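**Q** So that we are looking at the same thing, I have put the structure below in structure tokens.
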Amino acid sequence: MAISKRICRHLRLAAFTLAVVLAVLVVTSVNSFLPRNDNIVERSSSSSLLAGAAGRKSLYIRAKEPDPSSESPTESSAGDVKSFRASDPTLLIKREFEAGNEPKRMIFIGDIHGCVDQFNSLLDELKFQQGEDQIVLVGDLVAKGPESLAVIQKASSIGAWCVRGNHDDRVIRWREFLDGPGKGMSKDELSQLEDSGGLPYDDFKVSKEHYDIAGQLTAEELEFLQSFSVIMAPPPPYTEWIVVHGGLEAQKPVLNQTADTCMTIRNVAATGPISTHDQGVAWFDIWAAKMQILEGLPPNPLATPSDSTEEDYNNINFNKIIYGHDAGRGLQIHDYTKGLDSRCVYGGNLTAFILPGEQLVSVPCVNYDDKAPD
């Protein structure tokens with residue numbers, strides 16, 4: 001009977017995966033013919049914290065036209081605490097190397113969570129050379145560990161490229177709130193608002209470290225965090241890869257992804273993407289099924305990387321994803337996905353994935369968080 005139940009469960013999971021994959025193919029095909037939406041801007045920054053990436057151009061793409069009223073906290077929103085909304089993150093950055101300035105290695109590093117000593121140890125183990133290596137952080141630089149600000153400072157000083165993690169995002173939202181309608185409010189006043197449900201986000205907890213980190217950020221450190229896109233497309237010759245903190249919904253084109261899902265997804269259930277493991281199937285299993293099916297189909301004639309347009313990112317033939325976020329599962333190295341959260345803050349390892357060569361390098365970490373990995 002137990003064996004029969006297990007077989008039934010596996011069959012249900014297989015059927016669910018097949019249904020999602022079929023939906024993936026249908027939606028992807030339909031979106032190939034959707035009209036173009038040009039929301040592409042180029043940016044530069046004079047901030048010293050952003051200067052480490054100088055000489056390497058980037059193209060910033062938004063999924064939707066930004067609402068000017070939500071771009072930054074304003075005086076007019078000061079009295080409306082509950083309805084406050086932080087500025088929208090940039091959905092995708094296409095990174096470019098300056099001619100003659102291509103690094104020898106692209107080094108992708110998992111969730112650091114404030115563990116600056118382990119970050120430094122990993123860089124030493126890698127024999128990191130600034131100017132010859134490009135560091136890419138898969139998000140969650142902050143929170144849980146002891147030295148979040150030091151991690152931010154180190155990342156900026158070495159010109160690291162970063163995608164936004166859910167913990168980075170919470171710190172950013174807290175700081176924008178404290179610079180806006182929460183300006184001048186004491187911790188006691190904010191705690192009272194939290195108790196009465198008066199804060200703008202359900203995940204705003206005054207007792208959590210995100211509030212303290214947000215209040216300690218300098219303006220330059222905040223700007224550095226705000227520069228993290230949700231998704232990052234590396235330059236040639238690494239265009240088969242894409243970087244995100246949590247993962248992607250396989251049935252959606254890249255520019256139809258939502259920031260919250262990209263930062264928090266772990267599984268896909270019948271109701272859609274979820275941040276837990278207790279229902280559905282892993283998002284990366286669905287992604288792998290999609291890629292395996294697409295590999296058997298003729299090439300998409302629209303999949304040409306010649307121009308920096310939104311169509312490129314909806315149809316281009318990237319097929320491999322580097323991500324973090326899923327400490328509960330730990331290091332996950334598969335054909336189409338590389339999950340680099342190896343539980344550093346929980347006493348596991350801090351792991352780097354190196355291109356070219358797909359080499360893994362890790363250093364041991366200290367357990368700074370007694371809770372079980374989520």
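We label chains A, B, ... in the order they appear in the structure tokens, count residues from 1 in each chain, and number ligands from 1 in the order shown.
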So that I can check the surroundings of Leu355 of chain A, please list as number ranges by chain every protein, DNA and RNA residue that reaches within 12 Å of it, counting only C-alpha atoms and ignoring chain neighbours fewer than 3 positions away.

**A** A: 103-109, 133-136, 234, 236-241, 322, 352, 358-361

**Q** Mind checking DSSP for segment 142-341 of chain A and telling me the strand (DSSP E) residues as a list in words?

**A**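 These are the residues in question: Trp161, Cys162, Ile231, Met232, Ala233, Trp241, Ile242, Val243, Val244, Asn267, Val268, Ala269, Gly272, Pro273, Ile274, Val281, Ala282, Lys320, Ile321, Ile322, Tyr323, Gln332, Ile333, Thr337, Lys338 and Gly339 of chain A.
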
**Q** Env of Asp203 of chain A: 8 Å cut, atoms = only C-alpha atoms, seq-sep filter 2 positions within chain, self excluded. Answer as JSON, numbers by chain.

**A** {"A": [170, 201, 205]}

**Q** Select, from A:Glu249, A:Glu189, A:Asp179, A:Glu220, the residue with the minimum atom-to-atom distance to Lys290 of chain A, counting only C-alpha atoms.

**A** A:Glu249

**Q** Taking the DSSP secondary structure from the backbone, can you list the residues of segment 151-285 of chain A that are alpha helix (DSSP H), as a ChimeraX atom specification?

**A** /A:151-157,166-179,187-195,209-216,219-226,259-264,283-285

**Q** Which residues, written as JSON, numbers by chain, have at least one atom at most 7 Å from Val206 of chain A, with only C-alpha atoms counted and residues fewer than 4 positions away on the same chain left out?

**A** {"A": [190, 191, 211]}

**Q** So how far away is atom CA of Gly246 of chain A from atom CA of Gly324 of chain A, in Å?

**A**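 Interatomic distance here is 5.9 Å.
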
**Q** Using atom CA of Leu149 of chain A and atom CA of His113 of chain A as the two end points, give the distance in Å to one decimal.

**A** 10.3 Å

**Q** A:Ser342, A:Thr90, A:Asn319, A:Ser83: which is nearest Thr258 of chain A, counting only C-alpha atoms?

**A**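 Counting only C-alpha atoms, the residue closest to Thr258 of chain A is A:Thr90.
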
**Q** What does the distance between atom CA of Asn367 of chain A and atom CA of Val142 of chain A come to in Å, to one decimal place?

**A** 15.2 Å
